[in-house]
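Pasted below: upload.txt, compact mmCIF, C-alpha atoms.
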```txt
# COMPACT_ATOMS: atom_id res chain seq x y z
CA MET C 12 -7.65 -18.96 -29.33
CA THR C 13 -10.59 -16.65 -28.87
CA LYS C 14 -13.63 -17.55 -30.93
CA PRO C 15 -14.38 -15.17 -33.80
CA GLY C 16 -17.80 -14.29 -32.34
CA ARG C 17 -16.12 -12.91 -29.22
CA SER C 18 -12.96 -11.33 -30.52
CA GLY C 19 -14.40 -9.78 -33.63
CA GLN C 20 -11.54 -11.11 -35.74
CA PRO C 21 -10.31 -14.68 -36.19
CA GLY C 22 -6.84 -15.24 -34.80
CA VAL C 23 -6.97 -12.61 -32.05
CA ASN C 24 -5.52 -14.34 -29.00
CA GLY C 25 -7.02 -12.87 -25.85
CA TRP C 26 -4.41 -14.51 -23.66
CA PHE C 27 -1.66 -12.32 -25.11
CA PRO C 28 -2.95 -8.93 -23.87
CA VAL C 29 -3.92 -10.44 -20.52
CA SER C 30 -0.46 -11.98 -20.05
CA LEU C 31 1.29 -8.83 -21.25
CA LEU C 32 -0.59 -6.52 -18.92
CA PHE C 33 -0.16 -8.83 -15.93
CA PHE C 34 3.56 -8.83 -16.67
CA PHE C 35 3.71 -5.03 -16.61
CA LEU C 36 1.55 -4.82 -13.49
CA SER C 37 3.91 -7.30 -11.85
CA ALA C 38 6.94 -5.33 -13.02
CA ALA C 39 5.49 -2.20 -11.41
CA ILE C 40 4.85 -4.05 -8.15
CA TRP C 41 8.39 -5.40 -8.07
CA TYR C 42 9.76 -1.94 -8.84
CA ALA C 43 7.90 -0.70 -5.76
CA PHE C 44 9.37 -3.57 -3.74
CA TRP C 45 12.86 -2.81 -5.09
CA GLN C 46 12.42 0.69 -3.70
CA GLU C 47 11.26 -0.94 -0.43
CA MET C 48 7.83 0.66 -0.51
CA TYR C 49 6.57 -2.36 1.43
CA LEU C 50 8.15 -0.68 4.48
CA SER C 51 5.78 2.28 4.23
CA ALA C 52 3.00 2.72 6.80
CA ASP C 53 2.51 -0.53 8.76
CA GLY C 54 5.02 -2.40 6.59
CA ALA C 55 8.12 -1.68 8.67
CA TYR C 56 6.22 -2.68 11.82
CA TYR C 57 5.04 -5.97 10.29
CA PHE C 58 8.51 -6.80 8.96
CA ALA C 59 10.25 -6.05 12.26
CA GLY C 60 7.58 -7.93 14.22
CA ILE C 61 8.05 -11.10 12.16
CA LEU C 62 11.83 -10.91 12.41
CA ASP C 63 11.69 -10.62 16.18
CA SER C 64 8.93 -13.17 16.82
CA GLY C 65 9.11 -15.66 13.95
CA ARG C 66 5.31 -15.82 14.04
CA VAL C 67 2.37 -14.47 12.04
CA PHE C 68 2.08 -10.76 12.74
CA ASN C 69 -1.63 -10.25 13.26
CA TYR C 70 -3.30 -7.85 15.67
CA ILE C 71 -6.89 -8.17 14.41
CA PRO C 72 -8.19 -11.78 14.51
CA ALA C 73 -10.73 -11.14 11.72
CA ARG C 74 -7.81 -10.56 9.32
CA LEU C 75 -5.70 -13.59 10.23
CA TYR C 76 -5.94 -15.43 6.90
CA ALA C 77 -4.79 -12.39 4.93
CA ASN C 78 -1.68 -12.10 7.07
CA VAL C 79 -0.91 -15.81 6.82
CA ALA C 80 -1.24 -15.68 3.03
CA SER C 81 1.24 -12.81 2.68
CA GLN C 82 3.68 -13.52 5.51
CA TRP C 83 4.38 -17.25 5.22
CA PRO C 84 7.64 -17.02 3.17
CA LEU C 85 9.27 -14.67 5.69
CA ILE C 86 8.00 -16.66 8.68
CA LEU C 87 9.42 -19.91 7.29
CA ALA C 88 12.75 -18.22 6.60
CA VAL C 89 12.99 -16.80 10.12
CA LYS C 90 12.12 -20.16 11.65
CA ALA C 91 14.76 -21.79 9.44
CA GLY C 92 17.40 -19.43 10.84
CA PHE C 93 17.95 -17.12 7.87
CA THR C 94 19.60 -13.86 8.94
CA ASN C 95 20.67 -12.28 5.65
CA LEU C 96 18.63 -9.09 5.50
CA GLU C 97 18.41 -8.89 1.71
CA THR C 98 17.12 -12.46 1.53
CA LEU C 99 14.53 -11.74 4.22
CA LYS C 100 13.41 -8.57 2.45
CA PHE C 101 13.01 -10.48 -0.81
CA LEU C 102 10.93 -13.19 0.89
CA PHE C 103 8.76 -10.53 2.53
CA SER C 104 8.23 -8.97 -0.91
CA PHE C 105 7.44 -12.32 -2.48
CA GLY C 106 4.86 -12.99 0.21
CA LEU C 107 3.10 -9.73 -0.64
CA TYR C 108 3.19 -10.58 -4.36
CA PHE C 109 2.09 -14.19 -3.86
CA PRO C 110 -1.68 -13.42 -3.63
CA TYR C 111 -1.55 -11.74 -7.04
CA LEU C 112 0.01 -14.85 -8.59
CA VAL C 113 -2.57 -17.13 -7.03
CA SER C 114 -5.40 -14.77 -7.96
CA ILE C 115 -4.60 -14.51 -11.66
CA GLY C 116 -3.69 -18.20 -11.85
CA LEU C 117 -7.00 -19.31 -10.37
CA CYS C 118 -8.89 -16.80 -12.53
CA ALA C 119 -7.26 -18.26 -15.63
CA TYR C 120 -8.13 -21.77 -14.45
CA ALA C 121 -11.74 -20.78 -13.80
CA ARG C 122 -11.95 -19.28 -17.32
CA ARG C 123 -10.37 -22.27 -19.05
CA GLY C 124 -12.00 -22.96 -22.41
CA MET C 125 -13.76 -19.59 -22.35
CA ASP C 126 -13.16 -16.00 -23.42
CA PRO C 127 -9.97 -14.76 -21.72
CA TYR C 128 -10.87 -11.07 -22.15
CA ALA C 129 -12.94 -11.35 -18.97
CA LEU C 130 -9.60 -11.48 -17.14
CA MET C 131 -9.13 -7.81 -17.94
CA PHE C 132 -11.41 -7.11 -14.97
CA PRO C 133 -9.07 -8.61 -12.35
CA LEU C 134 -6.24 -6.63 -13.93
CA THR C 135 -8.40 -3.52 -13.66
CA GLY C 136 -9.00 -4.35 -10.02
CA TYR C 137 -5.28 -4.68 -9.36
CA LEU C 138 -4.72 -1.30 -10.99
CA LEU C 139 -7.62 0.67 -9.50
CA VAL C 140 -8.02 -0.98 -6.10
CA SER C 141 -4.51 -2.21 -5.21
CA PHE C 142 -2.20 0.41 -6.74
CA PRO C 143 -3.82 3.37 -4.94
CA LEU C 144 -2.76 1.50 -1.77
CA ALA C 145 0.89 1.49 -2.84
CA TYR C 146 1.89 3.00 0.51
CA LEU C 147 0.21 0.08 2.27
CA TRP C 148 1.30 -3.04 0.41
CA VAL C 149 1.01 -5.01 3.65
CA GLY C 150 -2.64 -4.07 4.07
CA GLU C 151 -5.01 -6.98 4.57
CA SER C 152 -7.43 -5.32 2.15
CA GLN C 153 -4.88 -5.96 -0.60
CA VAL C 154 -5.16 -9.72 -0.11
CA MET C 155 -8.94 -9.61 0.20
CA ALA C 156 -9.36 -7.59 -2.98
CA VAL C 157 -7.35 -9.95 -5.20
CA ALA C 158 -8.94 -13.06 -3.65
CA THR C 159 -12.44 -12.03 -4.73
CA TRP C 160 -11.75 -12.42 -8.44
CA PRO C 161 -11.31 -16.22 -8.66
CA VAL C 162 -14.41 -16.58 -6.46
CA LEU C 163 -16.39 -14.59 -9.02
CA TYR C 164 -15.22 -16.61 -12.02
CA PHE C 165 -15.85 -19.96 -10.32
CA LEU C 166 -19.37 -18.76 -9.50
CA LEU C 167 -19.92 -17.74 -13.12
CA ARG C 168 -18.59 -20.97 -14.60
CA PRO C 169 -21.48 -22.68 -16.47
CA SER C 170 -20.81 -26.24 -15.25
CA PRO C 171 -18.17 -26.31 -12.50
CA THR C 172 -16.37 -29.54 -11.67
CA ARG C 173 -15.91 -30.90 -8.16
CA VAL C 174 -12.45 -29.33 -8.10
CA ASP C 175 -13.95 -25.98 -9.10
CA VAL C 176 -16.52 -26.20 -6.31
CA ALA C 177 -13.90 -27.22 -3.74
CA LEU C 178 -11.74 -24.27 -4.73
CA LEU C 179 -14.75 -21.94 -4.63
CA ILE C 180 -15.79 -23.00 -1.11
CA SER C 181 -12.19 -22.83 0.13
CA LEU C 182 -11.73 -19.33 -1.26
CA LEU C 183 -14.97 -18.12 0.29
CA LEU C 184 -14.00 -19.47 3.71
CA PHE C 185 -10.60 -17.85 3.26
CA LEU C 186 -12.27 -14.50 2.51
CA SER C 187 -14.20 -14.67 5.78
CA ARG C 188 -11.08 -13.69 7.75
CA THR C 189 -9.20 -11.40 5.44
CA TYR C 190 -10.75 -7.94 5.75
CA GLU C 191 -14.11 -6.65 6.96
CA ALA C 192 -14.85 -4.90 3.65
CA ALA C 193 -15.27 -8.33 2.04
CA VAL C 194 -18.92 -7.88 2.97
CA GLY C 195 -19.38 -5.80 -0.20
CA ALA C 196 -18.09 -8.56 -2.47
CA ALA C 197 -20.12 -11.11 -0.51
CA VAL C 198 -23.32 -9.21 -1.31
CA VAL C 199 -22.48 -9.45 -5.03
CA PHE C 200 -21.74 -13.18 -4.70
CA THR C 201 -25.04 -13.73 -2.87
CA ALA C 202 -26.96 -12.04 -5.69
CA ILE C 203 -25.24 -14.19 -8.32
CA ILE C 204 -25.98 -17.40 -6.42
CA MET C 205 -29.63 -16.48 -5.91
CA VAL C 206 -30.10 -15.75 -9.61
CA ARG C 207 -28.49 -19.05 -10.56
CA LEU C 208 -30.64 -20.91 -8.03
CA MET C 209 -33.79 -19.41 -9.49
CA ARG C 210 -32.90 -19.68 -13.16
CA GLY C 211 -30.34 -22.47 -13.39
CA PRO C 212 -30.82 -26.22 -13.84
CA ALA C 213 -31.77 -28.35 -10.84
CA GLU C 214 -28.51 -30.34 -10.93
CA HIS C 215 -26.57 -27.20 -9.94
CA ARG C 216 -28.56 -26.51 -6.80
CA ARG C 217 -26.47 -28.67 -4.50
CA TRP C 218 -23.19 -26.87 -5.08
CA LEU C 219 -24.92 -23.49 -5.24
CA VAL C 220 -26.49 -24.06 -1.80
CA SER C 221 -23.05 -25.02 -0.47
CA ALA C 222 -21.57 -21.86 -1.95
CA LEU C 223 -24.42 -19.82 -0.47
CA GLY C 224 -23.66 -21.24 2.96
CA ALA C 225 -20.01 -20.24 2.60
CA VAL C 226 -20.98 -16.74 1.44
CA LEU C 227 -23.24 -16.37 4.48
CA VAL C 228 -20.24 -17.22 6.66
CA VAL C 229 -18.32 -14.41 4.96
CA LEU C 230 -21.21 -12.01 5.48
CA GLY C 231 -21.66 -13.01 9.10
CA VAL C 232 -17.99 -12.86 10.13
CA CYS C 233 -17.25 -9.63 8.25
CA ALA C 234 -20.44 -7.88 9.41
CA TYR C 235 -19.76 -8.84 13.02
CA SER C 236 -16.15 -7.65 12.79
CA ALA C 237 -17.28 -4.35 11.28
CA ILE C 238 -20.02 -3.75 13.86
CA PHE C 239 -17.85 -4.84 16.81
CA PRO C 240 -14.32 -3.96 15.63
CA ALA C 241 -11.22 -4.99 17.58
CA ARG C 242 -10.12 -1.36 17.29
CA PRO C 243 -13.01 1.11 17.04
CA GLU C 244 -10.68 3.89 15.91
CA ASN C 245 -9.93 1.87 12.75
CA ARG C 246 -13.62 1.83 11.80
CA ALA C 247 -13.93 5.57 12.43
CA GLY C 248 -10.88 6.24 10.25
CA PHE C 249 -12.22 3.97 7.52
CA VAL C 250 -15.60 5.73 7.39
CA SER C 251 -14.15 9.25 7.50
CA GLY C 252 -11.74 8.48 4.67
CA VAL C 253 -14.17 6.92 2.18
CA LEU C 254 -14.05 9.88 -0.22
CA HIS C 255 -10.35 10.66 0.19
CA PRO C 256 -9.22 8.34 -2.67
CA LEU C 257 -10.89 10.73 -5.13
CA SER C 258 -8.05 13.18 -4.45
CA ASN C 259 -5.65 10.68 -6.04
CA PRO C 260 -4.97 11.89 -9.62
CA ASN C 261 -3.90 8.44 -10.80
CA LEU C 262 -7.10 6.85 -9.55
CA VAL C 263 -9.31 9.54 -11.11
CA CYS C 264 -7.50 9.24 -14.44
CA GLY C 265 -7.78 5.47 -14.24
CA LEU C 266 -11.51 5.60 -13.58
CA VAL C 267 -12.08 8.04 -16.45
CA GLY C 268 -9.77 6.27 -18.88
CA LEU C 269 -11.14 2.77 -18.33
CA PHE C 270 -14.79 3.88 -18.17
CA VAL C 271 -14.41 5.72 -21.48
CA LEU C 272 -12.59 2.70 -22.92
CA ALA C 273 -15.54 0.49 -21.97
CA ALA C 274 -17.92 3.01 -23.55
CA ALA C 275 -15.80 2.97 -26.73
CA ILE C 276 -15.98 -0.83 -26.94
CA LEU C 277 -19.74 -0.80 -26.45
CA SER C 278 -20.49 2.07 -28.83
CA ARG C 279 -17.78 1.39 -31.44
CA ARG C 280 -16.89 5.09 -31.45
CA VAL C 281 -13.23 5.59 -32.32
CA TRP C 282 -13.00 9.07 -30.82
CA LEU C 283 -13.75 7.60 -27.39
CA LEU C 284 -10.68 5.41 -27.75
CA ALA C 285 -8.62 8.57 -28.19
CA VAL C 286 -10.19 10.07 -25.05
CA SER C 287 -9.29 6.99 -23.01
CA VAL C 288 -5.67 7.23 -24.17
CA ALA C 289 -5.67 10.93 -23.31
CA ALA C 290 -6.71 10.07 -19.74
CA GLY C 291 -3.69 7.79 -19.48
CA VAL C 292 -1.41 10.53 -20.79
CA VAL C 293 -2.84 12.97 -18.22
CA SER C 294 -2.07 10.44 -15.48
CA VAL C 295 1.62 10.45 -16.43
CA LEU C 296 1.75 14.24 -16.84
CA MET C 297 0.12 14.83 -13.45
CA ALA C 298 2.71 12.62 -11.80
CA LEU C 299 5.58 14.36 -13.61
CA LEU C 300 4.24 17.74 -12.48
CA GLY C 301 4.19 16.62 -8.85
CA HIS C 302 0.46 16.07 -8.43
CA THR C 303 0.72 12.85 -6.46
CA VAL C 304 -0.93 11.13 -3.52
CA SER C 305 0.03 11.39 0.14
CA ALA C 306 0.60 8.39 2.40
CA GLY C 307 -2.58 9.29 4.29
CA VAL C 308 -4.76 9.29 1.18
CA SER C 309 -3.15 6.05 0.05
CA PHE C 310 -3.98 4.49 3.42
CA ASP C 311 -7.59 5.68 3.14
CA SER C 312 -7.80 3.96 -0.24
CA ARG C 313 -8.45 0.68 1.56
CA SER C 314 -12.09 1.85 1.36
CA LEU C 315 -11.98 1.07 -2.37
CA ALA C 316 -12.34 -2.59 -1.42
CA LEU C 317 -15.86 -1.72 -0.25
CA THR C 318 -16.85 0.99 -2.73
CA LEU C 319 -15.17 0.32 -6.09
CA LEU C 320 -14.44 -3.41 -5.98
CA PRO C 321 -18.09 -4.56 -5.89
CA LEU C 322 -18.82 -2.35 -8.91
CA LEU C 323 -15.97 -3.97 -10.82
CA LEU C 324 -17.27 -7.41 -9.85
CA LEU C 325 -20.69 -6.48 -11.21
CA GLY C 326 -19.09 -5.15 -14.40
CA ALA C 327 -17.22 -8.41 -14.90
CA THR C 328 -20.43 -10.38 -14.33
CA TRP C 329 -22.23 -8.33 -16.96
CA PHE C 330 -19.33 -8.77 -19.41
CA VAL C 331 -19.29 -12.56 -18.99
CA HIS C 332 -23.00 -12.80 -19.80
CA ARG C 333 -22.91 -10.45 -22.78
CA SER C 334 -21.36 -11.22 -26.15
CA LEU C 335 -19.04 -8.37 -27.04
CA GLN C 336 -16.81 -8.07 -30.06
CA ILE C 337 -13.35 -6.70 -29.31
CA ASN C 338 -11.30 -5.87 -32.38
CA ARG C 339 -7.58 -5.36 -32.76
CA THR C 340 -7.77 -1.57 -32.50
CA GLN C 341 -9.65 -1.79 -29.23
CA VAL C 342 -7.21 -4.35 -27.85
CA ALA C 343 -4.25 -2.16 -28.80
CA THR C 344 -5.93 0.84 -27.18
CA MET C 345 -6.66 -1.18 -24.07
CA ILE C 346 -2.97 -2.11 -23.76
CA ALA C 347 -1.90 1.50 -24.31
CA VAL C 348 -4.29 2.85 -21.66
CA PHE C 349 -3.21 0.27 -19.10
CA LEU C 350 0.49 0.91 -19.73
CA LEU C 351 0.03 4.67 -19.41
CA LEU C 352 -1.91 4.29 -16.15
CA ILE C 353 0.73 1.93 -14.78
CA ALA C 354 3.42 4.42 -15.77
CA GLY C 355 1.54 7.25 -14.05
CA ASN C 356 1.52 5.28 -10.81
CA VAL C 357 5.18 4.36 -11.05
CA VAL C 358 6.23 7.95 -11.73
CA SER C 359 4.21 9.14 -8.74
CA TRP C 360 6.15 6.75 -6.50
CA ASP C 361 9.21 8.94 -6.97
CA ASP C 362 8.01 10.73 -3.82
CA TRP C 363 8.96 7.61 -1.88
CA VAL C 364 12.35 7.40 -3.59
CA ARG C 365 13.18 10.97 -2.56
CA TYR C 366 11.92 10.37 0.96
CA ARG C 367 14.12 7.29 1.33
CA VAL C 368 17.19 9.10 -0.05
CA ASP C 369 16.71 12.01 2.37
CA PHE C 370 16.13 9.64 5.27
CA VAL C 371 19.25 7.56 4.57
CA ARG C 372 21.33 10.71 4.08
CA THR C 373 20.27 11.97 7.50
CA LEU C 374 21.23 8.64 9.08
CA GLY C 375 24.66 8.78 7.44
CA GLN C 376 25.32 12.30 8.70
CA SER C 377 24.06 11.83 12.27
CA THR C 378 24.72 9.92 15.48
CA GLY C 379 22.52 9.19 18.46
CA TYR C 380 18.89 10.26 18.56
CA VAL C 381 17.66 12.76 15.98
CA ALA C 382 14.38 14.67 16.11
CA ILE C 383 12.29 14.10 12.99
CA GLU C 384 11.53 17.84 12.95
CA ASP C 385 15.23 18.51 12.28
CA THR C 386 15.34 16.39 9.12
CA ALA C 387 14.44 16.95 5.48
CA SER C 388 11.99 14.03 5.74
CA TYR C 389 9.74 15.80 8.20
CA ARG C 390 7.55 17.58 5.64
CA SER C 391 7.39 14.72 3.16
CA PRO C 392 3.76 13.91 2.21
CA ILE C 393 4.46 10.21 2.33
CA ARG C 394 6.07 10.12 5.79
CA TRP C 395 4.23 7.86 8.23
CA GLY C 396 3.94 9.34 11.69
CA TRP C 397 5.30 6.54 13.89
CA THR C 398 7.75 4.46 11.83
CA SER C 399 10.88 6.63 11.89
CA PRO C 400 12.76 4.54 14.52
CA LEU C 401 11.93 1.32 12.66
CA LEU C 402 13.14 2.73 9.35
CA SER C 403 16.24 4.07 11.10
CA VAL C 404 17.26 0.54 12.02
CA LEU C 405 16.26 -0.99 8.67
CA TRP C 406 18.08 1.63 6.60
CA SER C 407 21.25 1.98 8.67
CA GLY C 408 23.24 -0.54 6.68
CA ASP C 409 25.95 -2.37 8.57
CA CYS C 410 25.66 -0.30 11.75
CA VAL C 411 22.88 1.57 13.53
CA ARG C 412 24.56 4.81 14.60
CA ALA C 413 21.53 7.13 14.49
CA VAL C 414 17.83 6.75 15.25
CA ILE C 415 15.33 9.31 14.02
CA LEU C 416 12.58 9.81 16.56
CA ASN C 417 8.86 10.20 15.94
CA SER C 418 7.12 13.43 16.81
CA SER C 419 6.45 13.53 20.55
CA ASN C 420 2.67 13.77 20.11
CA ARG C 421 2.36 10.61 17.99
CA TRP C 422 1.39 7.09 19.06
CA GLU C 423 4.25 4.64 18.65
CA PRO C 424 4.43 0.86 19.12
CA PHE C 425 7.51 1.05 21.36
CA ASP C 426 9.65 3.67 23.07
CA PRO C 427 12.93 3.87 21.10
CA ARG C 428 14.63 5.42 24.13
CA LYS C 429 13.99 2.23 26.10
CA SER C 430 14.31 -0.56 23.54
CA LEU C 431 15.06 -0.98 19.84
CA PRO C 432 13.86 -3.82 17.57
CA MET C 433 15.67 -6.38 15.41
CA GLN C 434 18.69 -6.61 17.71
CA SER C 435 19.58 -10.06 16.35
CA TYR C 436 19.90 -8.78 12.78
CA PHE C 437 21.85 -5.52 13.11
CA ARG C 438 24.95 -4.14 14.75
CA PHE C 439 24.37 -1.13 17.01
CA ALA C 440 26.73 1.66 18.03
CA GLU C 441 28.00 1.70 21.60
CA SER C 442 25.72 4.64 22.40
CA PHE C 443 22.71 2.35 21.91
CA HIS C 444 23.97 -0.51 24.09
CA ALA C 445 21.47 0.27 26.85
CA VAL C 446 18.48 -0.01 24.48
CA ALA C 447 19.91 -2.83 22.34
CA PRO C 448 21.80 -5.03 24.82
CA ARG C 449 21.48 -8.23 22.77
CA ALA C 450 22.94 -6.70 19.60
CA ARG C 451 26.51 -6.99 18.45
CA ALA C 452 28.58 -3.85 18.66
CA CYS C 453 29.56 -1.98 15.51
CA GLU C 454 33.08 -2.25 14.24
CA GLN C 455 35.13 0.82 15.07
CA ARG C 456 35.54 3.30 12.24
CA PRO C 457 39.19 3.76 11.19
```
Could you render the structure from this file as structure tokens?
Amino acid sequence: MTKPGRSGQPGVNGWFPVSLLFFFLSAAIWYAFWQEMYLSADGAYYFAGILDSGRVFNYIPARLYANVASQWPLILAVKAGFTNLETLKFLFSFGLYFPYLVSIGLCAYARRGMDPYALMFPLTGYLLVSFPLAYLWVGESQVMAVATWPVLYFLLRPSPTRVDVALLISLLLFLSRTYEAAVGAAVVFTAIIMVRLMRGPAEHRRWLVSALGAVLVVLGVCAYSAIFPARPENRAGFVSGVLHPLSNPNLVCGLVGLFVLAAAILSRRVWLLAVSVAAGVVSVLMALLGHTVSAGVSFDSRSLALTLLPLLLLGATWFVHRSLQINRTQVATMIAVFLLLIAGNVVSWDDWVRYRVDFVRTLGQSTGYVAIEDTASYRSPIRWGWTSPLLSVLWSGDCVRAVILNSSNRWEPFDPRKSLPMQSYFRFAESFHAVAPRARACEQRP
């Protein structure tokens, strides 16, 4: 139970709104996975690569730990000989969801015996940093962003145990090879440690110095990887797209709604609560009216891990060290705003649903190679430029009879006219025997 001095009213259980909102955030994530949004952008490439190799799919060494953390269920299944595609897709989805479970679980453990309302900040991070990247669920920045939250709460714990410190150091070392933008969070962690070293009791210095050493590892590895990237074009794209997330209506509404909600809690002004709810309503209406985000803008939203996430970490730090009273009306408003913002995101994902329907319809009506320019999917704002052949195989059902080609001027990981992936998992029509010689032939249509 939350103490009266923190909740504002005896009997207000802060764990209920936290659990409720995590449930709805999880439901939204699993809805996206049900619609196979994890195959957007690099997702289809990662999935196919794991199926064909049975190994961790990682092409940038500085991000290895993030890929291990999200890919291990699928890798184990492939190594164990699983071939049922639906089972493999589910395990791939679970791997992408797994970091969220670990994140919120460790946050709750780090906040044990203390005010649970601080856990609203990780939920805010999931909503404002992860959801804008809905067309890149496989992105390493997703794992990095959720892993920062338990680090923060272990650092802020007044008297951590040896287990707490071990978890803290382990998480920091894990962060060092997740995503280069972790440098922003590491700066925040360094500031917190320095303040605690200067103002805290002497008996805490030993574990704080150990934590500082781990943070410096994060800073060093991430800074080096950013300055000397494995792929310089990735850094250029990251920098040029920093402001692009602001064209996402759901993100803008989320920022306005939750900022105003925080102002309402601080000022006790009821009319601000109404404004925060209105921002959530606008988010849903914008999505219903077709004002949604493109796949390119969603991809550029990985920059939020460097720009917005550190600000949220600072906000959570301030909240933990300030006694705030949160009454029932504010809690109810908080739940309403979150649910509306979640709904706005889910409604906007209907673009992907339509894209997938059009894509599958084209496959069912075609044979052989099909130019992407001749399909209804070509002008979709959420189409990724080089994944059409991969999706053609994954969405062909029991037999691959048609392969939609990428535009001729796009980079692609393989030439679909010379070889096709996942030959051990799909049947291919006779016309593709030359490019899929290891695959079983399709059964003849009656």
**Request:** For C:Asp385, please output as a ChimeraX atom specification all residues within 10 Å (counting only C-alpha atoms; exclusion window: fewer than 4 positions along the same chain).
**Result:** /C:373,381,389,415
| query | Any idea what's packed within 8 Å of C:Phe439, counting all atoms listed in the file, ignoring anything in its chain fewer than 4 positions away? Could you give it as a list in words? | reply | Cys410, Val411, Arg412, Gln434, Phe443, His444, Ala447, Ala450, Arg451, Ala452 and Cys453 of chain C
task = Compile the contact shell of stretch 369-371 of chain C as a VMD selection string: residues with an atom at most 12 Å away, counting all atoms listed in the file, same-chain residues fewer than 2 positions apart removed.
result = chain C and resid 362 to 367 373 to 377 381 383 385 to 391 394 398 to 408 411 to 416
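Of the listed residues (C:Thr344, C:Leu99, C:Phe34, C:Leu179), C:Thr344 comes nearest to C:Trp282; the distances count all atoms listed in the file.
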Need to verify the contact set: C:Tyr128, 12 Å, only C-alpha atoms, exclusion of same-chain residues closer than 3 positions in sequence. Can you return it as a PyMOL selection string? chain C and resi 12-14+17-18+23-30+32+118-119+122-125+131-135+327+330-331+334-338+341-342+345
The residue from C:Val174, C:Ala225, C:Ala202, C:Ile115 with the smallest atom-to-atom distance to C:Thr328, counting all atoms listed in the file, is C:Ala202
Report task. Write out as a list in words each polymer residue whose atoms come within 10 Å of C:Val288, counting all atoms listed in the file; drop sequence neighbours fewer than 4 positions from it. Result ->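 Neighbouring residues, sequence-local ones excluded: Gly268, Leu269, Val271, Leu272, Leu283, Leu284, Val292, Val293, Ser294, Thr344, Met345, Ile346, Ala347, Val348, Phe349, Leu350, Leu351 and Leu352 of chain C.
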Box time for stretch 281-289 of chain C: axis-aligned, enclosing all its listed atoms, 3 Å extra on each side; report centre and edge lengths in Å to one decimal, as lines of an AutoDock Vina configuration file.
```
center_x = -9.7
center_y = 8.2
center_z = -27.7
size_x = 14.1
size_y = 11.5
size_z = 15.3
```
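Residue nearest C:Ser181, chosen from C:Tyr111, C:Tyr76, C:Trp83, C:Trp41 and counting all atoms listed in the file: C:Tyr76.
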Note to self: For a quick check of understanding, using only C-alpha atoms, which of C:Phe185, C:Thr340, C:Ser287, C:Pro392 has the smallest distance to C:Gly265?
What the structure shows: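 Nearest to C:Gly265: C:Ser287.
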* Between C:Leu317, C:Ala354, C:Leu50, C:Leu431, single out the one closest to C:Val446, counting all atoms listed in the file. =>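 The closest residue to C:Val446 is C:Leu431.
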Please, what distance in Å, to one decimal, runs between atom CA of C:Asp53 and atom CA of C:Val149?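 Taking atom CA of C:Asp53 as the start and atom CA of C:Val149 as the end point, the length is 7.0 Å.
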From atom CA of C:Tyr146 to atom CA of C:Gly379 the spacing works out at 28.0 Å
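With distances restricted to only C-alpha atoms, C:Pro72 is the closest residue to C:Ala241 from C:Pro72, C:Pro143, C:Pro84, C:Gly211.
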